[in-house]
file start33.txt (compact mmCIF, C-alpha atoms)
# COMPACT_ATOMS: atom_id res chain seq x y z
CA MET F 853 0.00 0.00 0.00
CA ASN F 854 2.89 2.39 0.71
CA LYS F 855 4.17 1.99 -2.87
CA ILE F 856 0.76 2.84 -4.26
CA THR F 857 0.27 5.80 -1.92
CA ASN F 858 3.68 7.20 -2.81
CA MET F 859 3.01 6.78 -6.52
CA VAL F 860 -0.24 8.72 -6.32
CA ALA F 861 1.51 11.48 -4.36
CA VAL F 862 4.22 11.75 -7.00
CA ILE F 863 1.62 11.94 -9.75
CA VAL F 864 -0.11 14.86 -8.07
CA LEU F 865 3.14 16.77 -7.57
CA ILE F 866 4.68 16.19 -11.00
CA LEU F 867 1.62 17.00 -13.05
CA SER F 868 0.90 20.28 -11.28
CA ALA F 869 2.42 22.47 -13.99
CA PRO F 870 1.33 26.08 -13.26
CA VAL F 871 1.73 27.56 -16.74
CA LEU F 872 -0.20 24.82 -18.51
CA ALA F 873 -2.78 24.76 -15.72
CA GLU F 874 -3.49 28.45 -16.32
CA LYS F 875 -4.04 27.82 -20.03
CA THR F 876 -6.33 24.86 -19.51
CA ALA F 877 -8.36 26.25 -16.61
CA THR F 878 -9.89 29.11 -18.62
CA LYS F 879 -13.36 28.16 -19.77
CA GLY F 880 -14.09 28.06 -23.48
CA ASP F 881 -17.13 28.86 -25.57
CA ALA F 882 -18.97 25.63 -26.42
CA VAL F 883 -20.95 27.25 -29.25
CA LYS F 884 -17.76 28.33 -31.01
CA GLY F 885 -16.28 24.94 -30.21
CA GLU F 886 -19.12 23.17 -31.96
CA GLU F 887 -18.44 25.17 -35.13
CA ILE F 888 -14.75 24.28 -35.04
CA ALA F 889 -15.49 20.64 -34.30
CA ALA F 890 -17.81 20.36 -37.28
CA GLY F 891 -15.13 21.63 -39.63
CA VAL F 892 -11.99 20.08 -38.18
CA CYS F 893 -12.73 17.14 -35.89
CA ALA F 894 -15.99 15.45 -36.89
CA GLY F 895 -14.42 13.30 -39.60
CA CYS F 896 -12.45 11.30 -37.06
CA HIS F 897 -14.31 11.84 -33.80
CA ASN F 898 -17.90 12.16 -35.05
CA ALA F 899 -20.09 15.25 -34.75
CA ASP F 900 -20.69 14.89 -31.00
CA GLY F 901 -17.31 13.43 -30.11
CA ASN F 902 -18.57 9.85 -29.84
CA SER F 903 -16.14 8.27 -32.26
CA VAL F 904 -17.41 5.24 -34.19
CA ILE F 905 -13.89 4.28 -35.28
CA PRO F 906 -12.29 2.11 -32.56
CA VAL F 907 -8.76 3.47 -33.10
CA ASN F 908 -9.94 7.09 -32.75
CA PRO F 909 -10.76 8.21 -29.21
CA SER F 910 -14.18 9.25 -28.09
CA LEU F 911 -14.06 12.80 -26.74
CA ALA F 912 -17.64 13.23 -25.57
CA GLY F 913 -17.85 13.99 -21.87
CA GLN F 914 -14.08 14.26 -21.45
CA HIS F 915 -12.82 16.88 -18.99
CA ALA F 916 -12.33 20.20 -20.75
CA GLU F 917 -8.98 20.86 -19.06
CA TYR F 918 -7.64 17.49 -20.15
CA ILE F 919 -8.69 17.97 -23.78
CA THR F 920 -7.14 21.43 -23.85
CA LYS F 921 -3.89 20.08 -22.44
CA GLN F 922 -3.68 17.36 -25.08
CA LEU F 923 -4.44 19.75 -27.93
CA ILE F 924 -1.77 22.18 -26.73
CA GLU F 925 0.76 19.37 -26.52
CA PHE F 926 0.00 18.11 -30.03
CA LYS F 927 1.00 21.49 -31.48
CA MET F 928 4.52 22.31 -32.62
CA GLU F 929 5.91 25.68 -31.59
CA GLY F 930 8.21 26.91 -34.32
CA ASP F 931 11.00 24.36 -34.70
CA THR F 932 10.23 22.82 -31.32
CA PRO F 933 8.65 19.36 -31.67
CA ALA F 934 5.24 18.78 -30.18
CA VAL F 935 5.21 17.39 -26.65
CA ARG F 936 2.87 14.62 -27.75
CA ASN F 937 3.93 12.91 -30.95
CA SER F 938 1.16 12.46 -33.53
CA PRO F 939 1.70 13.67 -37.11
CA ILE F 940 -2.04 13.55 -37.79
CA MET F 941 -3.06 15.54 -34.74
CA SER F 942 -0.17 17.97 -35.12
CA ALA F 943 -1.48 18.79 -38.58
CA MET F 944 -5.03 19.18 -37.27
CA VAL F 945 -4.09 21.68 -34.54
CA THR F 946 -1.66 23.77 -36.60
CA ALA F 947 -4.21 26.48 -37.29
CA LEU F 948 -5.85 26.37 -33.85
CA SER F 949 -5.17 28.99 -31.21
CA VAL F 950 -5.25 28.12 -27.51
CA GLU F 951 -8.62 29.88 -27.38
CA ASP F 952 -9.89 27.61 -30.17
CA MET F 953 -8.69 24.60 -28.21
CA ARG F 954 -10.49 25.75 -25.08
CA ASP F 955 -13.66 26.25 -27.14
CA LEU F 956 -13.40 22.74 -28.57
CA ALA F 957 -12.80 21.32 -25.12
CA ALA F 958 -15.85 23.12 -23.73
CA PHE F 959 -18.01 21.69 -26.51
CA TYR F 960 -16.86 18.09 -26.09
CA ALA F 961 -17.10 18.25 -22.32
CA GLN F 962 -20.82 19.02 -22.65
CA GLN F 963 -21.57 16.03 -24.89
CA LYS F 964 -23.04 12.83 -23.52
CA PRO F 965 -20.72 9.84 -23.96
CA THR F 966 -22.00 6.53 -25.27
CA SER F 967 -20.60 3.04 -24.69
CA GLY F 968 -17.15 2.22 -25.99
CA ILE F 969 -16.40 -0.38 -28.63
CA GLY F 970 -14.81 -3.53 -27.27
CA THR F 971 -13.63 -6.65 -29.04
CA GLU F 972 -13.73 -9.18 -26.21
CA THR F 973 -16.76 -11.05 -24.88
CA ASN F 974 -14.89 -13.62 -22.80
CA GLU F 975 -16.07 -13.10 -19.23
CA GLU F 976 -12.76 -14.28 -17.77
CA VAL F 977 -10.84 -11.59 -19.67
CA LEU F 978 -13.29 -8.88 -18.60
CA ARG F 979 -13.14 -10.11 -15.03
CA GLN F 980 -9.35 -9.96 -15.07
CA GLY F 981 -9.54 -6.42 -16.40
CA GLU F 982 -11.98 -5.42 -13.67
CA ILE F 983 -9.76 -6.86 -10.93
CA ILE F 984 -6.72 -4.93 -12.15
CA TYR F 985 -8.70 -1.75 -12.79
CA ARG F 986 -10.31 -1.74 -9.35
CA GLY F 987 -7.64 -3.39 -7.23
CA GLY F 988 -4.38 -3.44 -9.17
CA ASN F 989 -1.89 -6.28 -8.95
CA ILE F 990 -0.04 -6.32 -5.65
CA GLU F 991 2.41 -8.99 -6.82
CA ASN F 992 3.65 -6.82 -9.70
CA GLY F 993 3.27 -3.51 -7.88
CA VAL F 994 0.59 -2.30 -10.29
CA PRO F 995 -1.72 0.24 -8.60
CA ALA F 996 -5.44 0.20 -9.24
CA CYS F 997 -6.42 2.28 -12.26
CA ALA F 998 -9.37 3.45 -10.16
CA SER F 999 -6.96 5.29 -7.84
CA CYS F 1000 -6.66 8.09 -10.40
CA HIS F 1001 -9.49 7.39 -12.82
CA LEU F 1002 -12.11 6.51 -10.17
CA PRO F 1003 -14.12 3.28 -9.89
CA ASP F 1004 -16.65 4.44 -12.49
CA GLY F 1005 -13.97 5.65 -14.91
CA SER F 1006 -15.00 9.29 -14.68
CA GLY F 1007 -11.47 10.46 -13.81
CA ILE F 1008 -10.32 13.37 -11.70
CA PRO F 1009 -9.91 16.65 -13.60
CA PRO F 1010 -7.75 18.22 -14.75
CA HIS F 1011 -4.99 15.59 -14.92
CA TYR F 1012 -6.75 12.24 -14.86
CA PRO F 1013 -8.99 11.71 -17.90
CA GLN F 1014 -12.34 10.05 -18.09
CA LEU F 1015 -11.85 6.47 -19.30
CA ALA F 1016 -15.38 5.12 -19.08
CA GLY F 1017 -16.63 4.01 -22.48
CA GLN F 1018 -13.36 4.59 -24.30
CA HIS F 1019 -12.76 2.17 -27.15
CA ALA F 1020 -10.65 -0.85 -26.21
CA ALA F 1021 -8.44 -0.55 -29.30
CA TYR F 1022 -7.60 3.08 -28.56
CA THR F 1023 -6.94 2.49 -24.87
CA LEU F 1024 -4.65 -0.45 -25.62
CA ALA F 1025 -2.78 1.59 -28.23
CA GLN F 1026 -2.17 4.36 -25.70
CA LEU F 1027 -0.99 1.93 -23.02
CA ASN F 1028 1.49 0.50 -25.51
CA ALA F 1029 2.54 3.99 -26.57
CA PHE F 1030 3.33 4.89 -22.97
CA ASN F 1031 5.16 1.60 -22.52
CA ASP F 1032 7.26 2.07 -25.68
CA GLY F 1033 8.07 5.71 -24.97
CA ILE F 1034 6.17 6.90 -28.02
CA ARG F 1035 3.90 8.89 -25.73
CA ASP F 1036 5.50 10.51 -22.69
CA ASN F 1037 3.54 13.69 -22.04
CA ASP F 1038 2.68 12.62 -18.49
CA LYS F 1039 6.20 12.97 -17.02
CA GLY F 1040 6.73 9.21 -17.21
CA ILE F 1041 4.08 8.32 -14.64
CA MET F 1042 2.16 5.90 -16.86
CA LEU F 1043 5.36 4.15 -17.89
CA LYS F 1044 6.04 3.31 -14.25
CA VAL F 1045 2.65 1.61 -14.12
CA ILE F 1046 2.46 0.05 -17.58
CA SER F 1047 5.96 -1.41 -17.57
CA ARG F 1048 4.85 -3.74 -14.77
CA MET F 1049 1.84 -5.04 -16.68
CA SER F 1050 1.82 -8.00 -19.05
CA ALA F 1051 0.39 -7.74 -22.55
CA GLN F 1052 -2.61 -9.78 -21.43
CA GLU F 1053 -3.25 -7.51 -18.46
CA LYS F 1054 -3.16 -4.42 -20.66
CA ARG F 1055 -5.59 -6.00 -23.09
CA ALA F 1056 -7.92 -7.09 -20.29
CA VAL F 1057 -7.94 -3.62 -18.69
CA SER F 1058 -8.63 -1.99 -22.06
CA GLU F 1059 -11.58 -4.27 -22.67
CA PHE F 1060 -13.00 -3.66 -19.21
CA ILE F 1061 -12.69 0.12 -19.59
CA SER F 1062 -14.73 -0.02 -22.80
CA SER F 1063 -17.56 -1.60 -20.80
CA LEU F 1064 -17.70 1.15 -18.18
CA LYS F 1065 -20.51 3.66 -18.48

call {"tool": "encode", "arguments": {"input": "start33.txt", "output": "structure tokens"}}
result
Amino acid sequence: MNKITNMVAVIVLILSAPVLAEKTATKGDAVKGEEIAAGVCAGCHNADGNSVIPVNPSLAGQHAEYITKQLIEFKMEGDTPAVRNSPIMSAMVTALSVEDMRDLAAFYAQQKPTSGIGTETNEEVLRQGEIIYRGGNIENGVPACASCHLPDGSGIPPHYPQLAGQHAAYTLAQLNAFNDGIRDNDKGIMLKVISRMSAQEKRAVSEFISSLK
């Protein structure tokens, strides 16, 4: 329990970045955000943010601060590479101002999320995912996902995103991205967790998350 408690404490301290927090805390205009979403984002994330493509994340109901943070970190600043590596998203946010990003985030945060798309119906796999999500794996030192993302998957804004209903394929891809160092915009916190999980555990957790509502 001490390991888990310490890990959560470190997460809170490391992710409390004052400059970024100031940018993401300002509320956006959802009406303007809807207009931007229709022209820039709907093709991949659907009109209301409930993506129907399993590899593209659902954004509906996600915390506005979290969405703003991700959009900011997808954008290159001059010759400086984006904090979060994604050629597709970097291209999408090139023309967006921080105000535009806050407006988009405000719009998506107001949308009602639907169920995620999973690929697994085996009850044993889903049960394994639930056990790890809710209780972690003491033997491997894996903390419960619910510690930061809450038992219902709603997350704790601004740093811990809503996971409930996210597509299994997208969640698994992000877990692998953290594990492989492709995604590291969380100060390495997820790597400390994911590196202790087996491929089967990551798949099981991803499938369980897609079933949360």

call {"tool": "residues_around", "arguments": {"input": "start33.txt", "residues": "F:Leu911", "least_positions_apart": "5", "cutoff": "12 Å", "atoms": "only C-alpha atoms", "output": "NGL selection string"}}
result
:F and (889 or 893-894 or 896-904 or 916 or 918-920 or 922-923 or 956-968 or 1013-1019 or 1022)

call {"tool": "closest_residue", "arguments": {"input": "start33.txt", "among": "F:Ala1025, F:Ile990, F:Ile940, F:Ile1041", "to": "F:His1011", "atoms": "all atoms listed in the file"}}
result
F:Ile1041

call {"tool": "residues_around", "arguments": {"input": "start33.txt", "residues": "F:Arg936", "least_positions_apart": "2", "cutoff": "8 Å", "atoms": "all atoms listed in the file", "output": "ChimeraX atom specification"}}
result
/F:922,925-926,934,938,1035-1037

call {"tool": "closest_residue", "arguments": {"input": "start33.txt", "among": "F:Asp955, F:Val935, F:Gly895, F:Cys997", "to": "F:Val883", "atoms": "only C-alpha atoms"}}
result
F:Asp955

call {"tool": "atom_distance", "arguments": {"input": "start33.txt", "atom1": "atom CA of F:Arg1048", "atom2": "atom CA of F:Pro995"}}
result
9.9 Å

call {"tool": "residues_around", "arguments": {"input": "start33.txt", "residues": "F:Thr973", "least_positions_apart": "2", "cutoff": "12 Å", "atoms": "all atoms listed in the file", "output": "PyMOL selection string"}}
result
chain F and resi 969-971+975-979+1020+1056+1059-1060+1062-1063

call {"tool": "atom_distance", "arguments": {"input": "start33.txt", "atom1": "atom CA of F:Ile1061", "atom2": "atom CA of F:Ser910"}}
result
12.6 Å

call {"tool": "residues_around", "arguments": {"input": "start33.txt", "residues": "F:Pro1003", "least_positions_apart": "4", "cutoff": "8 Å", "atoms": "only C-alpha atoms", "output": "list of chain:residue names"}}
result
F:Tyr985, F:Arg986, F:Ala998, F:Ser999

call {"tool": "residues_around", "arguments": {"input": "start33.txt", "residues": "F:Thr878", "least_positions_apart": "6", "cutoff": "9 Å", "atoms": "only C-alpha atoms", "output": "list of chain:residue names"}}
result
F:Glu917, F:Glu951, F:Arg954

call {"tool": "atom_distance", "arguments": {"input": "start33.txt", "atom1": "atom CA of F:Lys1054", "atom2": "atom CA of F:Pro939"}}
result
24.9 Å

call {"tool": "closest_residue", "arguments": {"input": "start33.txt", "among": "F:Ala1029, F:Val1057, F:Leu1024, F:Leu1064", "to": "F:Ile983", "atoms": "all atoms listed in the file"}}
result
F:Val1057

call {"tool": "residues_near_point", "arguments": {"input": "start33.txt", "point": "(1.7, 26.1, -36.6)", "cutoff": "9 Å", "atoms": "all atoms listed in the file", "output": "PyMOL selection string"}}
result
chain F and resi 927-930+942-943+945-948
